[in-house]
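Peer 1: Take a look at the following structure, please.
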Amino acid sequence: ALIRKPVDMATGREYEKCRYAFFPGCQLGAAEPEIVIKAYDSILFQYPDTAIFLQCCGLPAENTDDGGSDNIREENAGDILMKWEALGKPTVITPCMTCYERLRELLPQIPLISLYELLLQLGISGGCNSVDYSMPEPCTSEAEKKAEAAVRELAEDMGVKLHSPKESELPCITYCIDFRDMMKRSGRDAVHILELIYGMGASNTHLIHQHEHEDLQEHESCETGEAIEECDGNCASCSAICSMETAP
């Protein structure tokens, strides 16, 4: 866990009370840490008194427990409540709807907003994207319906064309990182909405990018050992010895 108040640039000291706290959840942070950083930066730009609240909501631990889930739930809820109060009782922002529902269930006194609703309110959007995607139906909760509506508007503002989930030949767009990974494991192309907004993530590794070779004019193919004249910057198709770690 990492719970920290930001520094007030005017005073050089931490804010005593935070307006918001960004609670990205454990799954997005594990799968796409760069996106978590980008999202937090974009919130800080608008609201510099936003705290970072890196902690699991507790549900994964409960699901793997063999009998003491009630104790785990109570201890975790009490821990989150104490840390939230220490931050000044901010509104909690989360991109994870599992975290949203869990916090609402255990700690109804904590005000919540989905990251997607906040990004929409702030007018934060990605670049142009005219790709066709199918989008799954939301769950039945009101909170998830609001998040799904915000995601639709964010995607359409970028130029994305959204289709029924029945259009299974199309790539899928989602706001759940676990669902994205499940789709990709099944062989279906999928992308998280935050990957489109921030231009990074595992689903963007096919994009052309600048990467480092000692000599960009001539490289040795890792397959044939023969020299090749140039690399187009696309590690997905490059036959040179490329390091995917250099992708943005």
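Lettering and numbering for the structure tokens are positional, with chains as A, B, ... in the shown order, residues counted from 1 in each chain, and ligands counted from 1 in the shown order.
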From a DSSP pass on the backbone, collect the residues of stretch 24-123 of chain A flagged as strand (DSSP E) and hand them back as an NGL selection string.

Peer 2: :A and (50-54 or 91-94 or 112-114)

Peer 1: Near A:Ala51, counting only C-alpha atoms, which residues have an atom at most 12 Å away, once you skip same-chain residues fewer than 4 positions from it, shown as an mmCIF file with all heavy atoms, in the first residue's frame?

Peer 2:
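Output below, filename selection21.cif:
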data_model
loop_
_atom_site.group_PDB
_atom_site.id
_atom_site.type_symbol
_atom_site.label_atom_id
_atom_site.label_comp_id
_atom_site.auth_asym_id
_atom_site.auth_seq_id
_atom_site.Cartn_x
_atom_site.Cartn_y
_atom_site.Cartn_z
ATOM 1 N N LEU A 2 0.369 2.279 -0.638
ATOM 2 C CA LEU A 2 1.046 3.579 -0.634
ATOM 3 C C LEU A 2 -0.029 4.654 -0.585
ATOM 4 O O LEU A 2 -0.781 4.822 -1.549
ATOM 5 C CB LEU A 2 1.918 3.765 -1.875
ATOM 6 C CG LEU A 2 2.538 5.156 -2.042
ATOM 7 C CD1 LEU A 2 3.537 5.437 -0.927
ATOM 8 C CD2 LEU A 2 3.206 5.287 -3.404
ATOM 9 N N ILE A 3 -0.118 5.339 0.517
ATOM 10 C CA ILE A 3 -1.100 6.404 0.689
ATOM 11 C C ILE A 3 -0.320 7.679 0.989
ATOM 12 O O ILE A 3 0.402 7.754 1.991
ATOM 13 C CB ILE A 3 -2.091 6.088 1.838
ATOM 14 C CG1 ILE A 3 -2.979 4.893 1.464
ATOM 15 C CG2 ILE A 3 -2.977 7.291 2.121
ATOM 16 C CD1 ILE A 3 -2.372 3.554 1.696
ATOM 17 N N ARG A 4 -0.451 8.650 0.107
ATOM 18 C CA ARG A 4 0.374 9.849 0.251
ATOM 19 C C ARG A 4 -0.383 11.097 -0.205
ATOM 20 O O ARG A 4 -1.020 11.099 -1.250
ATOM 21 C CB ARG A 4 1.653 9.694 -0.554
ATOM 22 C CG ARG A 4 2.631 10.849 -0.416
ATOM 23 C CD ARG A 4 3.961 10.527 -1.061
ATOM 24 N NE ARG A 4 4.613 9.411 -0.389
ATOM 25 C CZ ARG A 4 5.726 8.826 -0.837
ATOM 26 N NH1 ARG A 4 6.267 9.228 -1.965
ATOM 27 N NH2 ARG A 4 6.264 7.829 -0.166
ATOM 28 N N LYS A 5 -0.260 12.149 0.589
ATOM 29 C CA LYS A 5 -0.796 13.452 0.195
ATOM 30 C C LYS A 5 0.212 14.129 -0.733
ATOM 31 O O LYS A 5 1.419 13.990 -0.556
ATOM 32 C CB LYS A 5 -1.014 14.329 1.426
ATOM 33 C CG LYS A 5 -2.056 13.821 2.403
ATOM 34 C CD LYS A 5 -2.122 14.734 3.624
ATOM 35 C CE LYS A 5 -3.147 14.259 4.621
ATOM 36 N NZ LYS A 5 -3.164 15.107 5.841
ATOM 37 N N PRO A 6 -0.279 14.888 -1.718
ATOM 38 C CA PRO A 6 0.648 15.632 -2.581
ATOM 39 C C PRO A 6 1.191 16.856 -1.859
ATOM 40 O O PRO A 6 0.664 17.278 -0.825
ATOM 41 C CB PRO A 6 -0.231 16.032 -3.769
ATOM 42 C CG PRO A 6 -1.597 16.133 -3.181
ATOM 43 C CD PRO A 6 -1.683 15.079 -2.117
ATOM 44 N N VAL A 7 2.246 17.417 -2.417
ATOM 45 C CA VAL A 7 2.874 18.595 -1.839
ATOM 46 C C VAL A 7 2.276 19.858 -2.453
ATOM 47 O O VAL A 7 2.123 19.956 -3.678
ATOM 48 C CB VAL A 7 4.404 18.564 -2.061
ATOM 49 C CG1 VAL A 7 5.050 19.880 -1.620
ATOM 50 C CG2 VAL A 7 5.018 17.384 -1.321
ATOM 51 N N ASP A 8 1.919 20.792 -1.608
ATOM 52 C CA ASP A 8 1.441 22.098 -2.053
ATOM 53 C C ASP A 8 2.653 22.902 -2.520
ATOM 54 O O ASP A 8 3.539 23.235 -1.718
ATOM 55 C CB ASP A 8 0.742 22.807 -0.897
ATOM 56 C CG ASP A 8 0.105 24.125 -1.309
ATOM 57 O OD1 ASP A 8 0.473 24.666 -2.376
ATOM 58 O OD2 ASP A 8 -0.747 24.620 -0.553
ATOM 59 N N GLU A 14 2.967 19.171 2.545
ATOM 60 C CA GLU A 14 1.826 18.360 2.130
ATOM 61 C C GLU A 14 0.511 19.095 2.416
ATOM 62 O O GLU A 14 0.412 19.843 3.402
ATOM 63 C CB GLU A 14 1.809 17.026 2.877
ATOM 64 C CG GLU A 14 2.888 16.050 2.455
ATOM 65 C CD GLU A 14 2.741 14.721 3.171
ATOM 66 O OE1 GLU A 14 1.963 14.655 4.155
ATOM 67 O OE2 GLU A 14 3.401 13.756 2.757
ATOM 68 N N TYR A 15 -0.475 18.866 1.565
ATOM 69 C CA TYR A 15 -1.811 19.394 1.835
ATOM 70 C C TYR A 15 -2.336 18.767 3.127
ATOM 71 O O TYR A 15 -2.198 17.560 3.346
ATOM 72 C CB TYR A 15 -2.762 19.060 0.690
ATOM 73 C CG TYR A 15 -2.595 19.935 -0.529
ATOM 74 C CD1 TYR A 15 -1.740 19.549 -1.566
ATOM 75 C CD2 TYR A 15 -3.285 21.137 -0.649
ATOM 76 C CE1 TYR A 15 -1.592 20.351 -2.694
ATOM 77 C CE2 TYR A 15 -3.136 21.935 -1.771
ATOM 78 C CZ TYR A 15 -2.290 21.537 -2.793
ATOM 79 O OH TYR A 15 -2.137 22.331 -3.896
ATOM 80 N N GLU A 16 -2.950 19.568 3.956
ATOM 81 C CA GLU A 16 -3.537 19.031 5.179
ATOM 82 C C GLU A 16 -4.794 18.226 4.870
ATOM 83 O O GLU A 16 -5.062 17.203 5.511
ATOM 84 C CB GLU A 16 -3.876 20.171 6.149
ATOM 85 C CG GLU A 16 -2.654 20.871 6.732
ATOM 86 C CD GLU A 16 -3.033 21.890 7.780
ATOM 87 O OE1 GLU A 16 -4.226 21.934 8.173
ATOM 88 O OE2 GLU A 16 -2.143 22.638 8.209
ATOM 89 N N LYS A 17 -5.551 18.696 3.880
ATOM 90 C CA LYS A 17 -6.796 18.034 3.519
ATOM 91 C C LYS A 17 -6.874 17.913 2.007
ATOM 92 O O LYS A 17 -6.637 18.882 1.284
ATOM 93 C CB LYS A 17 -7.996 18.840 4.044
ATOM 94 C CG LYS A 17 -9.336 18.205 3.791
ATOM 95 C CD LYS A 17 -10.459 19.033 4.412
ATOM 96 C CE LYS A 17 -11.818 18.399 4.177
ATOM 97 N NZ LYS A 17 -12.907 19.197 4.777
ATOM 98 N N CYS A 18 -7.207 16.726 1.510
ATOM 99 C CA CYS A 18 -7.273 16.478 0.067
ATOM 100 C C CYS A 18 -8.720 16.486 -0.416
ATOM 101 O O CYS A 18 -9.622 15.970 0.260
ATOM 102 C CB CYS A 18 -6.623 15.135 -0.267
ATOM 103 S SG CYS A 18 -4.857 15.082 0.116
ATOM 104 N N ARG A 19 -8.913 17.052 -1.588
ATOM 105 C CA ARG A 19 -10.245 17.066 -2.193
ATOM 106 C C ARG A 19 -10.593 15.700 -2.774
ATOM 107 O O ARG A 19 -11.724 15.227 -2.656
ATOM 108 C CB ARG A 19 -10.306 18.112 -3.302
ATOM 109 C CG ARG A 19 -11.663 18.212 -3.975
ATOM 110 C CD ARG A 19 -11.679 19.152 -5.161
ATOM 111 N NE ARG A 19 -10.857 20.334 -4.973
ATOM 112 C CZ ARG A 19 -10.956 21.430 -5.717
ATOM 113 N NH1 ARG A 19 -11.842 21.487 -6.685
ATOM 114 N NH2 ARG A 19 -10.165 22.461 -5.509
ATOM 115 N N TYR A 20 -9.608 15.089 -3.442
ATOM 116 C CA TYR A 20 -9.785 13.784 -4.064
ATOM 117 C C TYR A 20 -8.674 12.838 -3.617
ATOM 118 O O TYR A 20 -7.596 13.267 -3.187
ATOM 119 C CB TYR A 20 -9.734 13.897 -5.582
ATOM 120 C CG TYR A 20 -10.933 14.560 -6.221
ATOM 121 C CD1 TYR A 20 -10.822 15.822 -6.804
ATOM 122 C CD2 TYR A 20 -12.163 13.914 -6.264
ATOM 123 C CE1 TYR A 20 -11.917 16.428 -7.409
ATOM 124 C CE2 TYR A 20 -13.264 14.522 -6.867
ATOM 125 C CZ TYR A 20 -13.132 15.770 -7.438
ATOM 126 O OH TYR A 20 -14.219 16.360 -8.031
ATOM 127 N N ALA A 21 -8.932 11.546 -3.764
ATOM 128 C CA ALA A 21 -7.909 10.518 -3.596
ATOM 129 C C ALA A 21 -8.070 9.527 -4.748
ATOM 130 O O ALA A 21 -9.179 9.026 -4.981
ATOM 131 C CB ALA A 21 -8.045 9.809 -2.253
ATOM 132 N N PHE A 22 -6.993 9.282 -5.457
ATOM 133 C CA PHE A 22 -7.028 8.369 -6.600
ATOM 134 C C PHE A 22 -6.749 6.961 -6.114
ATOM 135 O O PHE A 22 -5.673 6.667 -5.588
ATOM 136 C CB PHE A 22 -6.001 8.796 -7.646
ATOM 137 C CG PHE A 22 -6.016 7.957 -8.901
ATOM 138 C CD1 PHE A 22 -7.211 7.561 -9.474
ATOM 139 C CD2 PHE A 22 -4.827 7.580 -9.510
ATOM 140 C CE1 PHE A 22 -7.243 6.796 -10.629
ATOM 141 C CE2 PHE A 22 -4.836 6.812 -10.674
ATOM 142 C CZ PHE A 22 -6.046 6.423 -11.228
ATOM 143 N N PHE A 23 -7.722 6.073 -6.290
ATOM 144 C CA PHE A 23 -7.676 4.691 -5.818
ATOM 145 C C PHE A 23 -7.742 3.776 -7.046
ATOM 146 O O PHE A 23 -8.817 3.326 -7.433
ATOM 147 C CB PHE A 23 -8.878 4.445 -4.896
ATOM 148 C CG PHE A 23 -8.824 3.181 -4.077
ATOM 149 C CD1 PHE A 23 -8.483 3.217 -2.735
ATOM 150 C CD2 PHE A 23 -9.123 1.951 -4.641
ATOM 151 C CE1 PHE A 23 -8.454 2.056 -1.973
ATOM 152 C CE2 PHE A 23 -9.099 0.789 -3.896
ATOM 153 C CZ PHE A 23 -8.767 0.830 -2.550
ATOM 154 N N PRO A 24 -6.595 3.504 -7.693
ATOM 155 C CA PRO A 24 -6.630 2.766 -8.958
ATOM 156 C C PRO A 24 -6.938 1.288 -8.825
ATOM 157 O O PRO A 24 -7.293 0.629 -9.799
ATOM 158 C CB PRO A 24 -5.225 2.979 -9.532
ATOM 159 C CG PRO A 24 -4.370 3.237 -8.343
ATOM 160 C CD PRO A 24 -5.244 3.975 -7.357
ATOM 161 N N TYR A 40 -3.077 9.597 -12.869
ATOM 162 C CA TYR A 40 -2.891 10.400 -11.657
ATOM 163 C C TYR A 40 -2.340 11.782 -12.004
ATOM 164 O O TYR A 40 -2.790 12.803 -11.471
ATOM 165 C CB TYR A 40 -1.969 9.669 -10.694
ATOM 166 C CG TYR A 40 -1.766 10.382 -9.371
ATOM 167 C CD1 TYR A 40 -2.849 10.902 -8.663
ATOM 168 C CD2 TYR A 40 -0.500 10.515 -8.811
ATOM 169 C CE1 TYR A 40 -2.674 11.553 -7.448
ATOM 170 C CE2 TYR A 40 -0.310 11.163 -7.596
ATOM 171 C CZ TYR A 40 -1.400 11.681 -6.917
ATOM 172 O OH TYR A 40 -1.228 12.333 -5.722
ATOM 173 N N ASP A 41 -1.377 11.825 -12.923
ATOM 174 C CA ASP A 41 -0.817 13.113 -13.345
ATOM 175 C C ASP A 41 -1.889 14.023 -13.946
ATOM 176 O O ASP A 41 -1.905 15.230 -13.702
ATOM 177 C CB ASP A 41 0.303 12.900 -14.363
ATOM 178 C CG ASP A 41 1.607 12.483 -13.712
ATOM 179 O OD1 ASP A 41 1.722 12.608 -12.483
ATOM 180 O OD2 ASP A 41 2.504 12.004 -14.428
ATOM 181 N N ILE A 43 -5.065 14.041 -13.304
ATOM 182 C CA ILE A 43 -5.942 14.535 -12.245
ATOM 183 C C ILE A 43 -5.238 15.620 -11.434
ATOM 184 O O ILE A 43 -5.821 16.663 -11.107
ATOM 185 C CB ILE A 43 -6.391 13.381 -11.318
ATOM 186 C CG1 ILE A 43 -7.147 12.317 -12.110
ATOM 187 C CG2 ILE A 43 -7.274 13.915 -10.194
ATOM 188 C CD1 ILE A 43 -7.380 11.033 -11.339
ATOM 189 N N LEU A 44 -3.955 15.380 -11.116
ATOM 190 C CA LEU A 44 -3.189 16.363 -10.348
ATOM 191 C C LEU A 44 -3.100 17.706 -11.068
ATOM 192 O O LEU A 44 -3.079 18.767 -10.429
ATOM 193 C CB LEU A 44 -1.770 15.835 -10.096
ATOM 194 C CG LEU A 44 -1.560 14.887 -8.915
ATOM 195 C CD1 LEU A 44 -0.115 14.411 -8.887
ATOM 196 C CD2 LEU A 44 -1.908 15.559 -7.594
ATOM 197 N N TYR A 47 -6.502 19.108 -10.226
ATOM 198 C CA TYR A 47 -6.729 19.183 -8.780
ATOM 199 C C TYR A 47 -5.447 18.786 -8.058
ATOM 200 O O TYR A 47 -5.246 17.613 -7.727
ATOM 201 C CB TYR A 47 -7.879 18.264 -8.371
ATOM 202 C CG TYR A 47 -9.202 18.606 -9.018
ATOM 203 C CD1 TYR A 47 -9.795 17.744 -9.938
ATOM 204 C CD2 TYR A 47 -9.849 19.798 -8.712
ATOM 205 C CE1 TYR A 47 -11.000 18.064 -10.542
ATOM 206 C CE2 TYR A 47 -11.058 20.128 -9.309
ATOM 207 C CZ TYR A 47 -11.628 19.250 -10.221
ATOM 208 O OH TYR A 47 -12.811 19.587 -10.817
ATOM 209 N N LYS A 83 -7.262 5.444 6.893
ATOM 210 C CA LYS A 83 -6.389 6.167 5.965
ATOM 211 C C LYS A 83 -7.170 7.248 5.223
ATOM 212 O O LYS A 83 -6.647 8.337 4.968
ATOM 213 C CB LYS A 83 -5.753 5.182 4.987
ATOM 214 C CG LYS A 83 -4.757 4.242 5.659
ATOM 215 C CD LYS A 83 -4.327 3.121 4.729
ATOM 216 C CE LYS A 83 -3.313 2.211 5.414
ATOM 217 N NZ LYS A 83 -2.979 1.022 4.595
ATOM 218 N N TRP A 84 -8.412 6.963 4.878
ATOM 219 C CA TRP A 84 -9.255 7.952 4.198
ATOM 220 C C TRP A 84 -9.502 9.159 5.102
ATOM 221 O O TRP A 84 -9.431 10.312 4.655
ATOM 222 C CB TRP A 84 -10.570 7.296 3.793
ATOM 223 C CG TRP A 84 -11.617 8.226 3.271
ATOM 224 C CD1 TRP A 84 -11.621 8.864 2.066
ATOM 225 C CD2 TRP A 84 -12.812 8.624 3.958
ATOM 226 N NE1 TRP A 84 -12.752 9.640 1.947
ATOM 227 C CE2 TRP A 84 -13.498 9.503 3.087
ATOM 228 C CE3 TRP A 84 -13.364 8.308 5.188
ATOM 229 C CZ2 TRP A 84 -14.716 10.081 3.444
ATOM 230 C CZ3 TRP A 84 -14.577 8.874 5.545
ATOM 231 C CH2 TRP A 84 -15.243 9.757 4.680
ATOM 232 N N ALA A 86 -7.549 10.183 7.472
ATOM 233 C CA ALA A 86 -6.277 10.894 7.613
ATOM 234 C C ALA A 86 -5.988 11.799 6.415
ATOM 235 O O ALA A 86 -5.274 12.794 6.532
ATOM 236 C CB ALA A 86 -5.136 9.894 7.800
ATOM 237 N N LEU A 87 -6.572 11.453 5.253
ATOM 238 C CA LEU A 87 -6.398 12.278 4.055
ATOM 239 C C LEU A 87 -7.360 13.465 4.018
ATOM 240 O O LEU A 87 -7.289 14.289 3.098
ATOM 241 C CB LEU A 87 -6.600 11.427 2.798
ATOM 242 C CG LEU A 87 -5.545 10.350 2.522
ATOM 243 C CD1 LEU A 87 -5.963 9.497 1.322
ATOM 244 C CD2 LEU A 87 -4.171 10.962 2.290
ATOM 245 N N GLY A 88 -8.268 13.538 4.988
ATOM 246 C CA GLY A 88 -9.220 14.639 5.019
ATOM 247 C C GLY A 88 -10.577 14.291 4.451
ATOM 248 O O GLY A 88 -11.323 15.174 4.035
ATOM 249 N N LYS A 89 -10.886 12.992 4.399
ATOM 250 C CA LYS A 89 -12.178 12.494 3.899
ATOM 251 C C LYS A 89 -12.463 12.954 2.461
ATOM 252 O O LYS A 89 -13.504 13.556 2.174
ATOM 253 C CB LYS A 89 -13.315 12.925 4.831
ATOM 254 C CG LYS A 89 -13.169 12.397 6.260
ATOM 255 C CD LYS A 89 -14.358 12.786 7.126
ATOM 256 C CE LYS A 89 -14.220 12.224 8.541
ATOM 257 N NZ LYS A 89 -15.380 12.583 9.404
ATOM 258 N N PRO A 90 -11.538 12.663 1.542
ATOM 259 C CA PRO A 90 -11.725 13.097 0.148
ATOM 260 C C PRO A 90 -12.714 12.216 -0.612
ATOM 261 O O PRO A 90 -13.052 11.109 -0.171
ATOM 262 C CB PRO A 90 -10.320 12.925 -0.441
ATOM 263 C CG PRO A 90 -9.749 11.768 0.328
ATOM 264 C CD PRO A 90 -10.270 11.931 1.734
ATOM 265 N N THR A 91 -13.164 12.723 -1.737
ATOM 266 C CA THR A 91 -13.901 11.890 -2.691
ATOM 267 C C THR A 91 -12.903 10.926 -3.336
ATOM 268 O O THR A 91 -11.835 11.330 -3.779
ATOM 269 C CB THR A 91 -14.560 12.747 -3.784
ATOM 270 O OG1 THR A 91 -15.541 13.593 -3.174
ATOM 271 C CG2 THR A 91 -15.230 11.887 -4.845
ATOM 272 N N VAL A 92 -13.258 9.660 -3.368
ATOM 273 C CA VAL A 92 -12.365 8.632 -3.911
ATOM 274 C C VAL A 92 -12.683 8.411 -5.390
ATOM 275 O O VAL A 92 -13.835 8.190 -5.763
ATOM 276 C CB VAL A 92 -12.497 7.320 -3.119
ATOM 277 C CG1 VAL A 92 -11.772 6.173 -3.833
ATOM 278 C CG2 VAL A 92 -11.930 7.501 -1.710
ATOM 279 N N ILE A 93 -11.638 8.495 -6.206
ATOM 280 C CA ILE A 93 -11.742 8.271 -7.654
ATOM 281 C C ILE A 93 -11.198 6.889 -7.962
ATOM 282 O O ILE A 93 -10.077 6.562 -7.559
ATOM 283 C CB ILE A 93 -10.896 9.297 -8.435
ATOM 284 C CG1 ILE A 93 -11.244 10.724 -8.026
ATOM 285 C CG2 ILE A 93 -11.040 9.103 -9.932
ATOM 286 C CD1 ILE A 93 -10.172 11.733 -8.410
#

Peer 1: Point out the residue among A:Leu194, A:Leu107, A:Cys139, A:Ile173 with the least atom-to-atom distance to A:Cys57, counting only C-alpha atoms.

Peer 2: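 Of all the options, A:Leu107 lies closest to A:Cys57.
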
Peer 1: With a distance cut-off of 8 Å and only C-alpha atoms, select the neighbouring residues of A:Pro165, excluding the residue or stretch itself and same-chain residues fewer than 6 positions from it, and output the selection as a VMD selection string.

Peer 2: chain A and resid 134 to 137 172

Peer 1: Running DSSP on the backbone, which parts of stretch 47-210 of chain A land in helix (DSSP H, G or I), as a VMD selection string?

Peer 2: chain A and resid 59 to 64 69 to 86 97 to 106 115 to 122 142 to 157 177 to 185 193 to 198 202 to 204

Peer 1: Rounded to one decimal place, report the atom CA of A:Ala31-atom CA of A:Lys146 distance in Å.

Peer 2: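 Atom CA of A:Lys146 lies 24.2 Å from atom CA of A:Ala31.
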
Peer 1: One decimal, in Å: what's the spacing between atom CA of A:Arg73 and atom CA of A:Phe53?

Peer 2: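 About the pair atom CA of A:Arg73 and atom CA of A:Phe53: they are 18.0 Å apart.
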
Peer 1: Mind giving me the straight-line distance from atom CA of A:Val131 to atom CA of A:Thr98 in Å, one decimal?

Peer 2: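 Computing it gives 27.6 Å between the two atoms.
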
Peer 1: Name all residues at most 12 Å from A:Glu32 (count only C-alpha atoms; drop same-chain ones fewer than 4 positions away) and give them as a list in words.

Peer 2: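 Returned residues: Pro24, Gly25, Cys26, Gln27, Leu28, Val36, Ile37, Lys38, Ala39, Cys176, Ile177, Asp178, Arg180, Asp181, Val191, His192, Leu194, Glu195, Tyr198, Gly199, Met200, Gly201, Ala202, Ser203 and Asn204 of chain A.
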
Peer 1: So that I can check the surroundings of A:Leu118, please list as a list in words every protein, DNA and RNA residue that reaches within 10 Å of it, counting only C-alpha atoms and ignoring chain neighbours fewer than 6 positions away.

Peer 2: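 What passes the distance filter is Ile43, Ile93, Thr94, Pro95, Ile124, Ala147 and Ala150 of chain A.
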